[in-house]
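Shown here: final39.cif, mmCIF, C-alpha atoms and all ligand atoms; chains and numbers go by the auth columns.
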```cif
data_query
#
loop_
_atom_site.group_PDB
_atom_site.id
_atom_site.type_symbol
_atom_site.label_atom_id
_atom_site.label_comp_id
_atom_site.label_asym_id
_atom_site.label_seq_id
_atom_site.Cartn_x
_atom_site.Cartn_y
_atom_site.Cartn_z
_atom_site.B_iso_or_equiv
_atom_site.auth_seq_id
_atom_site.auth_asym_id
ATOM 1 C CA MET A 1 122.993 134.322 117.851 0.00 1 I
ATOM 2 C CA ARG A 2 121.744 130.769 117.360 0.00 2 I
ATOM 3 C CA GLY A 3 118.952 130.476 114.809 0.00 3 I
ATOM 4 C CA LYS A 4 115.463 129.418 115.853 0.00 4 I
ATOM 5 C CA PHE A 5 114.431 125.818 115.350 0.00 5 I
ATOM 6 C CA ILE A 6 110.773 125.253 114.416 0.00 6 I
ATOM 7 C CA THR A 7 109.230 121.865 113.777 0.00 7 I
ATOM 8 C CA PHE A 8 105.907 120.881 112.226 0.00 8 I
ATOM 9 C CA GLU A 9 103.937 117.826 113.271 0.00 9 I
ATOM 10 C CA GLY A 10 100.637 116.222 112.421 0.00 10 I
ATOM 11 C CA CYS A 11 98.901 113.084 111.290 0.00 11 I
ATOM 12 C CA GLU A 12 98.908 111.799 107.741 0.00 12 I
ATOM 13 C CA GLY A 13 96.902 114.159 105.532 0.00 13 I
ATOM 14 C CA SER A 14 96.986 117.043 107.999 0.00 14 I
ATOM 15 C CA GLY A 15 98.196 119.292 105.174 0.00 15 I
ATOM 16 C CA LYS A 16 101.724 119.788 106.505 0.00 16 I
ATOM 17 C CA SER A 17 103.340 119.818 103.075 0.00 17 I
ATOM 18 C CA THR A 18 100.874 122.404 101.756 0.00 18 I
ATOM 19 C CA GLN A 19 101.309 124.590 104.833 0.00 19 I
ATOM 20 C CA LEU A 20 105.092 124.364 104.699 0.00 20 I
ATOM 21 C CA LYS A 21 105.063 125.413 101.073 0.00 21 I
ATOM 22 C CA LEU A 22 102.793 128.378 101.828 0.00 22 I
ATOM 23 C CA LEU A 23 105.027 129.337 104.749 0.00 23 I
ATOM 24 C CA ALA A 24 108.187 129.055 102.630 0.00 24 I
ATOM 25 C CA ASP A 25 106.675 131.375 99.999 0.00 25 I
ATOM 26 C CA TYR A 26 105.635 133.828 102.691 0.00 26 I
ATOM 27 C CA LEU A 27 109.094 133.845 104.323 0.00 27 I
ATOM 28 C CA LYS A 28 110.767 134.317 100.935 0.00 28 I
ATOM 29 C CA GLY A 29 108.481 137.294 100.338 0.00 29 I
ATOM 30 C CA LEU A 30 109.601 138.763 103.666 0.00 30 I
ATOM 31 C CA GLY A 31 113.258 138.184 102.792 0.00 31 I
ATOM 32 C CA VAL A 32 113.800 135.916 105.793 0.00 32 I
ATOM 33 C CA ASP A 33 116.848 133.650 105.622 0.00 33 I
ATOM 34 C CA PHE A 34 115.718 130.115 106.434 0.00 34 I
ATOM 35 C CA VAL A 35 116.388 126.434 105.787 0.00 35 I
ATOM 36 C CA MET A 36 113.430 124.129 105.226 0.00 36 I
ATOM 37 C CA THR A 37 114.070 120.459 105.688 0.00 37 I
ATOM 38 C CA ARG A 38 112.337 117.215 106.592 0.00 38 I
ATOM 39 C CA GLU A 39 112.472 113.995 108.561 0.00 39 I
ATOM 40 C CA PRO A 40 113.142 111.216 108.034 0.00 40 I
ATOM 41 C CA GLY A 41 115.692 112.453 105.508 0.00 41 I
ATOM 42 C CA GLY A 42 117.039 115.911 104.850 0.00 42 I
ATOM 43 C CA SER A 43 120.620 114.764 104.188 0.00 43 I
ATOM 44 C CA GLU A 44 122.088 112.136 101.868 0.00 44 I
ATOM 45 C CA ILE A 45 122.606 109.410 104.479 0.00 45 I
ATOM 46 C CA SER A 46 119.295 110.148 106.212 0.00 46 I
ATOM 47 C CA GLU A 47 117.428 109.971 102.890 0.00 47 I
ATOM 48 C CA GLU A 48 118.929 106.494 102.386 0.00 48 I
ATOM 49 C CA ILE A 49 117.690 105.470 105.841 0.00 49 I
ATOM 50 C CA ARG A 50 114.274 106.925 104.930 0.00 50 I
ATOM 51 C CA LYS A 51 114.037 104.586 101.932 0.00 51 I
ATOM 52 C CA ILE A 52 114.566 101.588 104.228 0.00 52 I
ATOM 53 C CA ILE A 53 112.068 102.777 106.847 0.00 53 I
ATOM 54 C CA LEU A 54 109.248 103.534 104.405 0.00 54 I
ATOM 55 C CA ASN A 55 109.784 100.546 102.085 0.00 55 I
ATOM 56 C CA LYS A 56 106.427 98.771 102.112 0.00 56 I
ATOM 57 C CA ASP A 57 108.124 95.394 101.470 0.00 57 I
ATOM 58 C CA TYR A 58 109.850 95.485 104.879 0.00 58 I
ATOM 59 C CA ASP A 59 106.865 94.287 106.885 0.00 59 I
ATOM 60 C CA LYS A 60 109.250 92.251 109.089 0.00 60 I
ATOM 61 C CA MET A 61 110.779 95.381 110.553 0.00 61 I
ATOM 62 C CA CYS A 62 110.383 95.241 114.331 0.00 62 I
ATOM 63 C CA ASP A 63 109.233 98.302 116.248 0.00 63 I
ATOM 64 C CA GLU A 64 112.576 98.832 117.981 0.00 64 I
ATOM 65 C CA CYS A 65 114.419 98.735 114.651 0.00 65 I
ATOM 66 C CA GLU A 66 111.968 101.288 113.277 0.00 66 I
ATOM 67 C CA ALA A 67 112.448 103.609 116.263 0.00 67 I
ATOM 68 C CA LEU A 68 116.240 103.318 116.119 0.00 68 I
ATOM 69 C CA LEU A 69 116.337 103.963 112.372 0.00 69 I
ATOM 70 C CA TYR A 70 114.303 107.150 112.811 0.00 70 I
ATOM 71 C CA ALA A 71 116.691 108.190 115.587 0.00 71 I
ATOM 72 C CA ALA A 72 119.740 107.344 113.423 0.00 72 I
ATOM 73 C CA ALA A 73 118.386 109.368 110.495 0.00 73 I
ATOM 74 C CA ARG A 74 117.670 112.194 112.946 0.00 74 I
ATOM 75 C CA ILE A 75 121.129 112.564 114.487 0.00 75 I
ATOM 76 C CA GLN A 76 122.849 112.430 111.081 0.00 76 I
ATOM 77 C CA HIS A 77 120.504 115.104 109.719 0.00 77 I
ATOM 78 C CA LEU A 78 121.048 117.245 112.820 0.00 78 I
ATOM 79 C CA ARG A 79 124.843 117.071 112.672 0.00 79 I
ATOM 80 C CA GLU A 80 125.074 117.491 108.922 0.00 80 I
ATOM 81 C CA LYS A 81 122.416 120.074 108.163 0.00 81 I
ATOM 82 C CA VAL A 82 120.463 121.461 111.110 0.00 82 I
ATOM 83 C CA ALA A 83 123.285 122.295 113.537 0.00 83 I
ATOM 84 C CA PRO A 84 125.436 124.216 111.000 0.00 84 I
ATOM 85 C CA ALA A 85 122.403 126.284 109.945 0.00 85 I
ATOM 86 C CA LEU A 86 121.398 127.066 113.540 0.00 86 I
ATOM 87 C CA ASP A 87 125.005 127.909 114.427 0.00 87 I
ATOM 88 C CA SER A 88 125.126 130.425 111.600 0.00 88 I
ATOM 89 C CA GLY A 89 121.973 132.107 112.969 0.00 89 I
ATOM 90 C CA THR A 90 119.611 130.739 110.317 0.00 90 I
ATOM 91 C CA LEU A 91 115.980 129.871 111.023 0.00 91 I
ATOM 92 C CA VAL A 92 115.433 126.129 110.511 0.00 92 I
ATOM 93 C CA ILE A 93 111.982 124.710 109.780 0.00 93 I
ATOM 94 C CA CYS A 94 111.683 120.951 109.893 0.00 94 I
ATOM 95 C CA ASP A 95 108.804 118.824 108.591 0.00 95 I
ATOM 96 C CA ARG A 96 108.456 116.283 111.454 0.00 96 I
ATOM 97 C CA TYR A 97 110.942 115.727 114.279 0.00 97 I
ATOM 98 C CA VAL A 98 111.240 113.908 117.594 0.00 98 I
ATOM 99 C CA ASP A 99 107.534 114.298 118.450 0.00 99 I
ATOM 100 C CA SER A 100 106.761 112.063 115.464 0.00 100 I
ATOM 101 C CA SER A 101 108.867 109.363 117.110 0.00 101 I
ATOM 102 C CA LEU A 102 107.131 109.868 120.452 0.00 102 I
ATOM 103 C CA ALA A 103 103.647 109.774 118.849 0.00 103 I
ATOM 104 C CA TYR A 104 104.197 107.012 116.264 0.00 104 I
ATOM 105 C CA GLN A 105 106.742 104.713 117.917 0.00 105 I
ATOM 106 C CA GLY A 106 106.213 105.653 121.575 0.00 106 I
ATOM 107 C CA TYR A 107 102.426 105.753 121.724 0.00 107 I
ATOM 108 C CA ALA A 108 100.998 104.124 118.581 0.00 108 I
ATOM 109 C CA ARG A 109 103.529 101.276 118.307 0.00 109 I
ATOM 110 C CA GLY A 110 103.422 100.957 122.078 0.00 110 I
ATOM 111 C CA LEU A 111 107.173 101.127 122.727 0.00 111 I
ATOM 112 C CA GLY A 112 106.512 103.718 125.424 0.00 112 I
ATOM 113 C CA ALA A 113 107.309 107.412 125.391 0.00 113 I
ATOM 114 C CA GLU A 114 110.141 106.876 127.933 0.00 114 I
ATOM 115 C CA TYR A 115 111.980 104.367 125.754 0.00 115 I
ATOM 116 C CA VAL A 116 111.657 106.577 122.683 0.00 116 I
ATOM 117 C CA ALA A 117 112.630 109.704 124.640 0.00 117 I
ATOM 118 C CA ALA A 118 115.724 107.881 125.905 0.00 118 I
ATOM 119 C CA ILE A 119 116.996 106.947 122.442 0.00 119 I
ATOM 120 C CA ASN A 120 116.285 110.512 121.309 0.00 120 I
ATOM 121 C CA GLU A 121 117.848 112.299 124.262 0.00 121 I
ATOM 122 C CA PHE A 122 120.094 114.307 121.920 0.00 122 I
ATOM 123 C CA ALA A 123 117.018 115.722 120.177 0.00 123 I
ATOM 124 C CA LEU A 124 115.091 116.540 123.332 0.00 124 I
ATOM 125 C CA ASN A 125 118.077 118.130 125.088 0.00 125 I
ATOM 126 C CA GLU A 126 120.738 119.444 122.727 0.00 126 I
ATOM 127 C CA PHE A 127 118.376 120.203 119.820 0.00 127 I
ATOM 128 C CA CYS A 128 115.054 120.953 121.448 0.00 128 I
ATOM 129 C CA PRO A 129 112.782 122.965 119.119 0.00 129 I
ATOM 130 C CA ASP A 130 111.941 126.546 120.086 0.00 130 I
ATOM 131 C CA LEU A 131 108.431 125.944 118.780 0.00 131 I
ATOM 132 C CA THR A 132 106.538 122.922 117.479 0.00 132 I
ATOM 133 C CA VAL A 133 103.428 123.543 115.385 0.00 133 I
ATOM 134 C CA PHE A 134 100.983 120.644 115.646 0.00 134 I
ATOM 135 C CA LEU A 135 98.471 120.668 112.784 0.00 135 I
ATOM 136 C CA ASP A 136 95.443 119.400 114.608 0.00 136 I
ATOM 137 C CA ILE A 137 92.965 117.323 112.596 0.00 137 I
ATOM 138 C CA SER A 138 91.695 113.821 113.346 0.00 138 I
ATOM 139 C CA PRO A 139 93.020 111.030 111.077 0.00 139 I
ATOM 140 C CA ALA A 140 89.490 110.167 109.942 0.00 140 I
ATOM 141 C CA ALA A 141 88.861 113.734 108.763 0.00 141 I
ATOM 142 C CA ALA A 142 92.361 113.975 107.281 0.00 142 I
ATOM 143 C CA PHE A 143 92.085 110.743 105.258 0.00 143 I
ATOM 144 C CA GLU A 144 88.691 111.812 103.981 0.00 144 I
ATOM 145 C CA ARG A 145 90.166 115.106 102.837 0.00 145 I
ATOM 146 C CA LYS A 146 93.080 113.413 101.038 0.00 146 I
ATOM 147 C CA HIS A 147 90.929 110.555 99.668 0.00 147 I
ATOM 148 C CA GLY A 148 92.653 107.625 101.417 0.00 148 I
ATOM 149 C CA ALA A 149 96.179 106.491 102.270 0.00 149 I
ATOM 150 C CA ASP A 150 99.239 106.239 99.998 0.00 150 I
ATOM 151 C CA GLU A 151 99.477 102.497 99.251 0.00 151 I
ATOM 152 C CA ASN A 152 103.248 102.699 98.662 0.00 152 I
ATOM 153 C CA ASP A 153 104.098 104.032 102.098 0.00 153 I
ATOM 154 C CA ARG A 154 104.673 101.476 104.907 0.00 154 I
ATOM 155 C CA MET A 155 103.554 103.937 107.598 0.00 155 I
ATOM 156 C CA GLU A 156 100.508 105.351 105.829 0.00 156 I
ATOM 157 C CA THR A 157 99.057 101.902 105.240 0.00 157 I
ATOM 158 C CA GLN A 158 98.941 101.044 108.969 0.00 158 I
ATOM 159 C CA GLY A 159 95.180 101.506 109.191 0.00 159 I
ATOM 160 C CA LEU A 160 92.918 104.047 110.832 0.00 160 I
ATOM 161 C CA ALA A 161 93.129 102.552 114.363 0.00 161 I
ATOM 162 C CA PHE A 162 96.936 103.011 114.333 0.00 162 I
ATOM 163 C CA HIS A 163 96.627 106.606 113.162 0.00 163 I
ATOM 164 C CA GLU A 164 94.007 107.304 115.839 0.00 164 I
ATOM 165 C CA GLU A 165 96.627 106.217 118.403 0.00 165 I
ATOM 166 C CA VAL A 166 99.167 108.555 116.791 0.00 166 I
ATOM 167 C CA TYR A 167 96.652 111.389 117.105 0.00 167 I
ATOM 168 C CA LYS A 168 95.972 110.590 120.769 0.00 168 I
ATOM 169 C CA GLY A 169 99.739 110.540 121.283 0.00 169 I
ATOM 170 C CA TYR A 170 100.110 114.004 119.801 0.00 170 I
ATOM 171 C CA LYS A 171 97.319 115.264 122.055 0.00 171 I
ATOM 172 C CA LYS A 172 99.172 113.938 125.112 0.00 172 I
ATOM 173 C CA LEU A 173 102.427 115.521 123.961 0.00 173 I
ATOM 174 C CA THR A 174 100.661 118.861 123.395 0.00 174 I
ATOM 175 C CA GLY A 175 99.454 118.772 126.998 0.00 175 I
ATOM 176 C CA LYS A 176 102.941 117.876 128.258 0.00 176 I
ATOM 177 C CA PHE A 177 105.289 120.214 126.362 0.00 177 I
ATOM 178 C CA PRO A 178 104.482 123.969 126.307 0.00 178 I
ATOM 179 C CA ARG A 179 106.644 124.339 123.184 0.00 179 I
ATOM 180 C CA ILE A 180 103.985 122.412 121.200 0.00 180 I
ATOM 181 C CA CYS A 181 101.169 124.640 119.927 0.00 181 I
ATOM 182 C CA ALA A 182 98.127 123.056 118.307 0.00 182 I
ATOM 183 C CA VAL A 183 96.679 124.761 115.256 0.00 183 I
ATOM 184 C CA ASP A 184 93.211 123.627 114.233 0.00 184 I
ATOM 185 C CA CYS A 185 93.553 122.878 110.540 0.00 185 I
ATOM 186 C CA GLY A 186 90.014 121.729 109.781 0.00 186 I
ATOM 187 C CA GLY A 187 89.304 124.924 107.794 0.00 187 I
ATOM 188 C CA SER A 188 90.615 126.050 104.428 0.00 188 I
ATOM 189 C CA ARG A 189 94.340 125.972 103.667 0.00 189 I
ATOM 190 C CA LEU A 190 94.498 129.769 103.668 0.00 190 I
ATOM 191 C CA GLU A 191 92.750 129.983 107.046 0.00 191 I
ATOM 192 C CA THR A 192 95.319 127.575 108.476 0.00 192 I
ATOM 193 C CA HIS A 193 98.152 129.528 106.851 0.00 193 I
ATOM 194 C CA GLU A 194 96.924 132.721 108.531 0.00 194 I
ATOM 195 C CA LYS A 195 96.808 130.938 111.915 0.00 195 I
ATOM 196 C CA ILE A 196 100.374 129.697 111.456 0.00 196 I
ATOM 197 C CA LYS A 197 101.634 133.152 110.491 0.00 197 I
ATOM 198 C CA LYS A 198 99.952 134.649 113.558 0.00 198 I
ATOM 199 C CA LEU A 199 101.455 131.993 115.835 0.00 199 I
ATOM 200 C CA LEU A 200 104.958 132.588 114.465 0.00 200 I
ATOM 201 C CA LYS A 201 104.528 136.333 114.950 0.00 201 I
ATOM 202 C CA ASP A 202 103.127 135.947 118.470 0.00 202 I
ATOM 203 C CA LYS A 203 106.076 133.720 119.397 0.00 203 I
ATOM 204 C CA GLY A 204 108.559 136.258 118.016 0.00 204 I
ATOM 205 C CA ILE A 205 109.870 133.900 115.361 0.00 205 I
ATOM 206 C CA ILE A 206 109.133 136.314 112.494 0.00 206 I
HETATM 207 P P1 LIG B . 106.217 111.158 104.898 0.00 301 I
HETATM 208 O O1 LIG B . 105.875 110.661 103.548 0.00 301 I
HETATM 209 O O2 LIG B . 107.267 112.205 105.010 0.00 301 I
HETATM 210 O O3 LIG B . 104.898 111.549 105.666 0.00 301 I
HETATM 211 P P2 LIG B . 104.194 112.944 105.875 0.00 301 I
HETATM 212 O O4 LIG B . 104.071 113.584 104.526 0.00 301 I
HETATM 213 O O5 LIG B . 102.888 112.570 106.511 0.00 301 I
HETATM 214 O O6 LIG B . 105.084 113.723 106.821 0.00 301 I
HETATM 215 O O7 LIG B . 106.645 109.875 105.748 0.00 301 I
HETATM 216 C C1 LIG B . 107.098 109.954 107.010 0.00 301 I
HETATM 217 C C2 LIG B . 106.407 108.871 107.810 0.00 301 I
HETATM 218 O O8 LIG B . 107.231 108.504 108.887 0.00 301 I
HETATM 219 C C3 LIG B . 105.090 109.325 108.388 0.00 301 I
HETATM 220 O O9 LIG B . 104.162 108.261 108.321 0.00 301 I
HETATM 221 C C4 LIG B . 105.409 109.565 109.844 0.00 301 I
HETATM 222 C C5 LIG B . 106.500 108.606 110.111 0.00 301 I
HETATM 223 N N1 LIG B . 107.451 108.961 111.165 0.00 301 I
HETATM 224 C C6 LIG B . 107.540 108.180 112.301 0.00 301 I
HETATM 225 O O10 LIG B . 106.799 107.199 112.450 0.00 301 I
HETATM 226 N N2 LIG B . 108.459 108.501 113.250 0.00 301 I
HETATM 227 C C7 LIG B . 109.312 109.556 113.106 0.00 301 I
HETATM 228 O O11 LIG B . 110.158 109.811 113.992 0.00 301 I
HETATM 229 C C8 LIG B . 109.216 110.363 111.917 0.00 301 I
HETATM 230 C C9 LIG B . 110.127 111.529 111.722 0.00 301 I
HETATM 231 C C10 LIG B . 108.266 110.035 110.972 0.00 301 I
#
```
I need this file expressed as structure tokens, please.
Amino acid sequence: MRGKFITFEGCEGSGKSTQLKLLADYLKGLGVDFVMTREPGGSEISEEIRKIILNKDYDKMCDECEALLYAAARIQHLREKVAPALDSGTLVICDRYVDSSLAYQGYARGLGAEYVAAINEFALNEFCPDLTVFLDISPAAAFERKHGADENDRMETQGLAFHEEVYKGYKKLTGKFPRICAVDCGGSRLETHEKIKKLLKDKGII
């Protein structure tokens, strides 16, 4: 049987990395076989593309180039790492996926969700997640919690107004796709972890 494919989404500072680490430890404790990976990146070629996308010196990068590079990193990562794991029945958990492209490039950059969906058709059709966990916290609250943006990251330094648009984008996507479940992560990290565990149990993932 094909493995389940779970993705995690959220704005900068939503605590995704912390939650994914807590989840990984929990799954290990349960003895669950899983692969945890991330976008952009997750495979050698995709990690190289990631370096280009996030390089803060590349301020000339146009929005279409950005969207296509994310899509290029995505398909390589899918073919090389995600698909073989799913085919062997392994649970795959991915830190960011196509909804990041829809929220950041489609809505916040203003390329349009249709354009971004079209260049990511493979992800939305062939590799559609079974469940997407959206860590729901506003960018203002998230940046306050993490004490500001990472100055070396081209995307993080886009300013609060940009990240507010990303957040609004995620809210629209949550209303549109039933596979996306919002988890309020304004509480403590352990409270959020408990909510995520419950969601995964309720959805029959674990
Ligand atoms: P990363 O340092 O991994 O951010 P985070 O820890 O918040 O996940 O950098 C990934 C950045 O790329 C992040 O700002 C979100 C952005 N991004 C897009 O704009 N589009 C995409 O399709 C993906 C996957 C990420």
For segment 48-111 of chain I versus segment 117-135 of chain I, which residues have an atom no more than 9 Å away, and what is each residue's nearest atom pair and distance in Å rounded to one decimal, using all atoms listed in the file, chain-then-number order, as JSON lines?
```
{"residue": "I:Ala67", "atom": "CA", "partner": "I:Ile119", "partner_atom": "CA", "distance": 8.4}
{"residue": "I:Leu68", "atom": "CA", "partner": "I:Ile119", "partner_atom": "CA", "distance": 7.3}
{"residue": "I:Ala71", "atom": "CA", "partner": "I:Asn120", "partner_atom": "CA", "distance": 6.2}
{"residue": "I:Arg74", "atom": "CA", "partner": "I:Ala123", "partner_atom": "CA", "distance": 8.1}
{"residue": "I:Ile75", "atom": "CA", "partner": "I:Ala123", "partner_atom": "CA", "distance": 7.7}
{"residue": "I:Leu78", "atom": "CA", "partner": "I:Phe127", "partner_atom": "CA", "distance": 8.1}
{"residue": "I:Ala83", "atom": "CA", "partner": "I:Phe127", "partner_atom": "CA", "distance": 8.2}
{"residue": "I:Tyr97", "atom": "CA", "partner": "I:Ala123", "partner_atom": "CA", "distance": 8.5}
{"residue": "I:Val98", "atom": "CA", "partner": "I:Ala123", "partner_atom": "CA", "distance": 6.6}
{"residue": "I:Asp99", "atom": "CA", "partner": "I:Thr132", "partner_atom": "CA", "distance": 8.7}
{"residue": "I:Ser101", "atom": "CA", "partner": "I:Ala117", "partner_atom": "CA", "distance": 8.4}
{"residue": "I:Leu102", "atom": "CA", "partner": "I:Ala117", "partner_atom": "CA", "distance": 6.9}
{"residue": "I:Gly106", "atom": "CA", "partner": "I:Ala117", "partner_atom": "CA", "distance": 8.2}
```
Can I get the selection written as a compact mmCIF listing (two decimals), in the frame of the given file, with C-alpha atoms?
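Below is the file that was written, part.txt:
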```txt
# COMPACT_ATOMS: atom_id res chain seq x y z
CA ALA I 67 112.45 103.61 116.26
CA LEU I 68 116.24 103.32 116.12
CA ALA I 71 116.69 108.19 115.59
CA ARG I 74 117.67 112.19 112.95
CA ILE I 75 121.13 112.56 114.49
CA LEU I 78 121.05 117.24 112.82
CA ALA I 83 123.28 122.30 113.54
CA TYR I 97 110.94 115.73 114.28
CA VAL I 98 111.24 113.91 117.59
CA ASP I 99 107.53 114.30 118.45
CA SER I 101 108.87 109.36 117.11
CA LEU I 102 107.13 109.87 120.45
CA GLY I 106 106.21 105.65 121.58
```
Practice problem: Compute the set of protein, DNA and RNA residues whose minimum atom distance to ligand LIG 301 (chain I) is at most 8 Å, using only C-alpha atoms and all ligand atoms, and state it as a PyMOL selection string. | Solution: chain I and resi 9-14+16-17+38-40+53-54+66-67+70-71+74+95-105+153-156
Exercise. Would you please work out which residue, of I:Val92, I:Ile52, I:Leu69, I:Met1, is nearest to Ala24 of chain I when using only C-alpha atoms?
Key: I:Val92
Quiz item: With all atoms listed in the file as the basis for distance, which of I:Gly3, I:Gly31, I:Gly41, I:Gly159 is at the shortest distance from Gly89 of chain I?
Solution: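 Checking each of I:Gly3, I:Gly31, I:Gly41, I:Gly159 against Gly89 of chain I, counting all atoms listed in the file, the winner is I:Gly3.
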Quiz item: Of the residues I:Glu80, I:Glu165, I:Glu114, I:Glu194, which is the one nearest to Gly42 of chain I, using only C-alpha atoms?
Solution: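 Residue with the minimum atom-to-atom distance to Gly42 of chain I: I:Glu80.
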Quiz item: By how many Å are atom CA of Ala73 of chain I and atom CA of Arg50 of chain I apart?
Solution: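 Distance between the two atoms: 7.3 Å.
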Exercise. To one decimal in Å, tell me the separation between atom CA of Asn152 of chain I and atom CA of Lys56 of chain I.
Key: 6.1 Å
Practice problem: Mind giving me the straight-line distance from atom CA of Glu191 of chain I to atom CA of Glu144 of chain I in Å, one decimal? | Solution: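 Computed distance, atom CA of Glu191 of chain I to atom CA of Glu144 of chain I, equals 18.9 Å.
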Would you write out, as a JSON list (two decimals) with C-alpha atoms, keeping the file's coordinate frame, every residue that the PyMOL selection byres (((chain I and resi 200) around 12) and not hetatm) captures in this file?
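Wrote selection-v6.json, looks like this:
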```
[["chain", "number", "residue", "atom", "x", "y", "z"],
["I", 4, "LYS", "CA", 115.46, 129.42, 115.85],
["I", 5, "PHE", "CA", 114.43, 125.82, 115.35],
["I", 6, "ILE", "CA", 110.77, 125.25, 114.42],
["I", 7, "THR", "CA", 109.23, 121.86, 113.78],
["I", 8, "PHE", "CA", 105.91, 120.88, 112.23],
["I", 23, "LEU", "CA", 105.03, 129.34, 104.75],
["I", 26, "TYR", "CA", 105.64, 133.83, 102.69],
["I", 27, "LEU", "CA", 109.09, 133.84, 104.32],
["I", 91, "LEU", "CA", 115.98, 129.87, 111.02],
["I", 93, "ILE", "CA", 111.98, 124.71, 109.78],
["I", 130, "ASP", "CA", 111.94, 126.55, 120.09],
["I", 131, "LEU", "CA", 108.43, 125.94, 118.78],
["I", 132, "THR", "CA", 106.54, 122.92, 117.48],
["I", 133, "VAL", "CA", 103.43, 123.54, 115.38],
["I", 181, "CYS", "CA", 101.17, 124.64, 119.93],
["I", 183, "VAL", "CA", 96.68, 124.76, 115.26],
["I", 193, "HIS", "CA", 98.15, 129.53, 106.85],
["I", 194, "GLU", "CA", 96.92, 132.72, 108.53],
["I", 195, "LYS", "CA", 96.81, 130.94, 111.92],
["I", 196, "ILE", "CA", 100.37, 129.70, 111.46],
["I", 197, "LYS", "CA", 101.63, 133.15, 110.49],
["I", 198, "LYS", "CA", 99.95, 134.65, 113.56],
["I", 199, "LEU", "CA", 101.46, 131.99, 115.84],
["I", 201, "LYS", "CA", 104.53, 136.33, 114.95],
["I", 202, "ASP", "CA", 103.13, 135.95, 118.47],
["I", 203, "LYS", "CA", 106.08, 133.72, 119.40],
["I", 204, "GLY", "CA", 108.56, 136.26, 118.02],
["I", 205, "ILE", "CA", 109.87, 133.90, 115.36],
["I", 206, "ILE", "CA", 109.13, 136.31, 112.49]]
```
